[in-house]
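Q: Here it is, the structure in full.
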Amino acid sequence: TGKTIVITGASSGIGEATAEKFANEGANVVLAARREERLEEIKSKISSEKGSIAIKKTDVTSREQMQELADFAIKEYGQIDVLFNNAGLMPLSFMKNLKIDEWDRMVDVNIKGVLYGIAAVLPHMLEKNAGHILTTSSVAGHEVFPSSAVYSGTKFAVRIMMEGLAKEVAQSNIRTTSISPGAVQTELTDTITDEEVLSNFKKSAGSMKLLNSEDIAEAVYYAVNQPENVDVNEVIVRPNNQG
Ligand code: NJP
């Protein structure tokens, strides 16, 4: 593809693997995250691939920075074909523990970050009547379990917002996709500060064959590279032994 894709949360895990996949396939890839040095490393690691890579230090919780990211991508490559709203945090904990700062951060990154991404590209995509917005939800955006109330809340929220957006743009050529991964081996569990949750989580993950980030990158690539008449609105990918 000669498409231009902007990826948030590109400094590790699913975002990084997706960047590598698209670069490999000849896309122009704009990597966004807060840790600029990691973006630099990833850029030099994958710069030998067919596509072109640009990086932009971005905090998705800032409306201004998200708009600057979109403006940067358009300046660099002329247009944005695909936005992958992927940045997220998962500090699971029980509600009784009142980790209110973590609730705030999950709402800011997982929900508001996605909305700022949509706001930054939607006028551009409507104007050219083309484009694709993808957002990483989760299997936790389909079900809730003890300790996931707030995280699941954020993932249900973005999934339903993406569904609403899909209906609003149904008459246009804009496509929308929610990607809902099961357990993927990434740094995401580093965001869990609750020791009890962390040890339970590690125990259950230990008995599971986790997905790799590349497995999710394949799902993103699949959704983006369908013929024009096809709109893949949701993809759920679980490890084949996750309940
Ligand atoms: O996690 P990780 P994943 N502004 O920790 C970035 C969802 N998911 O790849 O800013 C901008 O390796 C952070 O970058 P940095 C999950 O909810 C996962 O697993 O440099 N970026 C890093 O690049 C999330 O939505 C699993 O710290 C911010 C990235 O986010 C998505 O997959 C299962 C940021 C996180 O990379 C990617 O997570 C599932 C900010 N304010 C859903 N804050 C799973 N792994 O099992 C964080 O169902 N980032």
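By convention in this document, the chains of the structure tokens carry letters A, B, ... by their order, each chain's residues are numbered from 1, and ligands are numbered from 1 in the order they are shown.
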Do you have, as JSON lines, the list of residues of range 170-225 of chain A lying at most 10 Å from range 63-85 of chain A, each with its nearest atom pair and that distance in Å to one decimal, counting only C-alpha atoms and ordered by chain then number?

A:
```
{"residue": "A:Ile174", "atom": "CA", "partner": "A:Asp81", "partner_atom": "CA", "distance": 9.5}
{"residue": "A:Arg175", "atom": "CA", "partner": "A:Val82", "partner_atom": "CA", "distance": 9.2}
{"residue": "A:Thr176", "atom": "CA", "partner": "A:Val82", "partner_atom": "CA", "distance": 9.6}
{"residue": "A:Thr177", "atom": "CA", "partner": "A:Phe84", "partner_atom": "CA", "distance": 9.2}
{"residue": "A:Ser178", "atom": "CA", "partner": "A:Asn85", "partner_atom": "CA", "distance": 9.5}
{"residue": "A:Ile179", "atom": "CA", "partner": "A:Phe84", "partner_atom": "CA", "distance": 9.7}
{"residue": "A:Val220", "atom": "CA", "partner": "A:Phe84", "partner_atom": "CA", "distance": 8.6}
{"residue": "A:Val224", "atom": "CA", "partner": "A:Val82", "partner_atom": "CA", "distance": 7.9}
```

Q: Any chance you can output those residues with C-alpha atoms as a PDB file, in the first residue's frame?

A:
```
ATOM      1  CA  ILE A 174     -15.013   6.572   5.402  1.00  0.00           C
ATOM      2  CA  ARG A 175     -14.507   3.267   7.172  1.00  0.00           C
ATOM      3  CA  THR A 176     -14.346   2.521  10.888  1.00  0.00           C
ATOM      4  CA  THR A 177     -13.066  -0.470  12.809  1.00  0.00           C
ATOM      5  CA  SER A 178     -12.850  -1.459  16.467  1.00  0.00           C
ATOM      6  CA  ILE A 179     -10.091  -3.920  17.171  1.00  0.00           C
ATOM      7  CA  VAL A 220      -5.398  -4.198  11.558  1.00  0.00           C
ATOM      8  CA  VAL A 224      -7.447  -1.705   6.238  1.00  0.00           C
TER       9      VAL A 224
END
```

Q: Hey, which residues sit close to ligand 1? Say within 6 Å, counting only C-alpha atoms and all ligand atoms, and write them as a PyMOL selection string.

A: chain A and resi 8-15+33-35+58-61+86-90+109+136-140+180-188

Q: Write down as a PyMOL selection string the residues of range 31-209 of chain A whose backbone DSSP state falls under alpha helix (DSSP H).

A: chain A and resi 36-46+63-77+100-106+113-128+149-168+195-206

Q: Counting only C-alpha atoms, which residue out of A:Lys167, A:Lys45, A:Lys209, A:Lys202 sits closest to Asp231 in chain A?

A: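 So, comparing all the options, the nearest one is A:Lys167.
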
Q: Residues of range 12-233 of chain A in strand (DSSP E) according to DSSP, as a ChimeraX atom specification?

A: /A:28-33,52-57,82-85,131-136,174-181

Q: Store the residues picked out above in a file with C-alpha atoms, as a JSON list (two decimals), in the first residue's frame.

A:
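Output (selection_21.json):
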```
[["chain", "number", "residue", "atom", "x", "y", "z"],
["A", 28, "ASN", "CA", 3.97, 5.87, 5.04],
["A", 29, "VAL", "CA", 3.80, 5.47, 8.79],
["A", 30, "VAL", "CA", 3.60, 8.24, 11.39],
["A", 31, "LEU", "CA", 4.51, 6.94, 14.85],
["A", 32, "ALA", "CA", 3.09, 8.82, 17.85],
["A", 33, "ALA", "CA", 3.66, 8.34, 21.58],
["A", 52, "SER", "CA", 8.59, 5.77, 4.94],
["A", 53, "ILE", "CA", 8.59, 6.45, 8.69],
["A", 54, "ALA", "CA", 8.08, 9.73, 10.53],
["A", 55, "ILE", "CA", 7.77, 10.23, 14.26],
["A", 56, "LYS", "CA", 5.90, 12.80, 16.33],
["A", 57, "LYS", "CA", 6.07, 13.02, 20.09],
["A", 82, "VAL", "CA", -5.72, 5.72, 8.19],
["A", 83, "LEU", "CA", -5.75, 6.72, 11.86],
["A", 84, "PHE", "CA", -5.12, 3.93, 14.36],
["A", 85, "ASN", "CA", -6.20, 5.17, 17.81],
["A", 131, "GLY", "CA", -10.28, 7.43, 5.11],
["A", 132, "HIS", "CA", -10.30, 4.79, 7.79],
["A", 133, "ILE", "CA", -10.40, 5.25, 11.55],
["A", 134, "LEU", "CA", -9.52, 2.26, 13.74],
["A", 135, "THR", "CA", -9.56, 2.16, 17.53],
["A", 136, "THR", "CA", -8.20, -0.45, 19.88],
["A", 174, "ILE", "CA", -15.01, 6.57, 5.40],
["A", 175, "ARG", "CA", -14.51, 3.27, 7.17],
["A", 176, "THR", "CA", -14.35, 2.52, 10.89],
["A", 177, "THR", "CA", -13.07, -0.47, 12.81],
["A", 178, "SER", "CA", -12.85, -1.46, 16.47],
["A", 179, "ILE", "CA", -10.09, -3.92, 17.17],
["A", 180, "SER", "CA", -10.81, -6.03, 20.27],
["A", 181, "PRO", "CA", -7.81, -8.07, 21.36]]
```

Q: Between CA of Val230 in chain A and CA of Lys128 in chain A, what is the distance, to one decimal in Å?

A: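 Going from CA of Val230 in chain A over to CA of Lys128 in chain A, I get 18.3 Å.
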
Q: Choose the residue, out of A:Asn200, A:Phe94, A:Val237, A:Thr191, that has the smallest atom-to-atom separation from Val144 in chain A; count only C-alpha atoms.

A: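 Using only C-alpha atoms, Val144 in chain A sits closest to A:Phe94.
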
Q: Determine the nearest neighbour of Ala17 in chain A from the options A:Val150, A:Ile42, A:Ala223, A:Met208, counting only C-alpha atoms.

A: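 For Ala17 in chain A, the nearest of the given residues is A:Ile42.
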
Q: Hey, which of A:Ala219, A:Asn241, A:Glu102, A:Asn233 ends up closest to Ser204 in chain A? Count only C-alpha atoms.

A: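 The closest residue to Ser204 in chain A is A:Asn241.
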
Q: Let me make sure I understand: among A:Ser62, A:Ile5, A:Glu25, A:Pro91, which one has the smallest atom-to-atom distance to Gly113 in chain A if we use only C-alpha atoms?

A: A:Ser62

Q: Any idea what's packed within 12 Å of Ser199 in chain A, counting only C-alpha atoms, ignoring anything in its chain fewer than 4 positions away? Could you give it as a PDB file with C-alpha atoms, in the first residue's frame?

A:
```
ATOM      1  CA  LEU A  92      -6.811  -2.732  36.764  1.00  0.00           C
ATOM      2  CA  SER A  93      -7.959  -2.550  40.368  1.00  0.00           C
ATOM      3  CA  THR A 189       0.489  -5.035  32.480  1.00  0.00           C
ATOM      4  CA  ASP A 190       3.261  -2.668  33.661  1.00  0.00           C
ATOM      5  CA  ILE A 192      -1.124  -2.281  36.877  1.00  0.00           C
ATOM      6  CA  THR A 193      -0.137  -0.973  40.326  1.00  0.00           C
ATOM      7  CA  ASP A 194      -2.479  -3.198  42.345  1.00  0.00           C
ATOM      8  CA  GLU A 195      -0.303  -6.081  43.614  1.00  0.00           C
ATOM      9  CA  LYS A 203      -1.196 -16.540  37.243  1.00  0.00           C
ATOM     10  CA  SER A 204      -4.007 -16.676  34.681  1.00  0.00           C
ATOM     11  CA  ALA A 205      -1.784 -15.396  31.879  1.00  0.00           C
ATOM     12  CA  GLY A 206       0.734 -18.103  32.777  1.00  0.00           C
TER      13      GLY A 206
END
```

Q: How many Å separate CA of Val6 in chain A from CA of Phe22 in chain A?

A: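 So the two atoms, CA of Val6 in chain A and CA of Phe22 in chain A, lie 10.5 Å apart.
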
Q: Here is a test: counting only C-alpha atoms, which residue of A:Ala120, A:Met162, A:Glu20, A:Met106 is nearest to Ser148 in chain A?

A: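 Of A:Ala120, A:Met162, A:Glu20, A:Met106, the one nearest Ser148 in chain A, counting only C-alpha atoms, is A:Met106.
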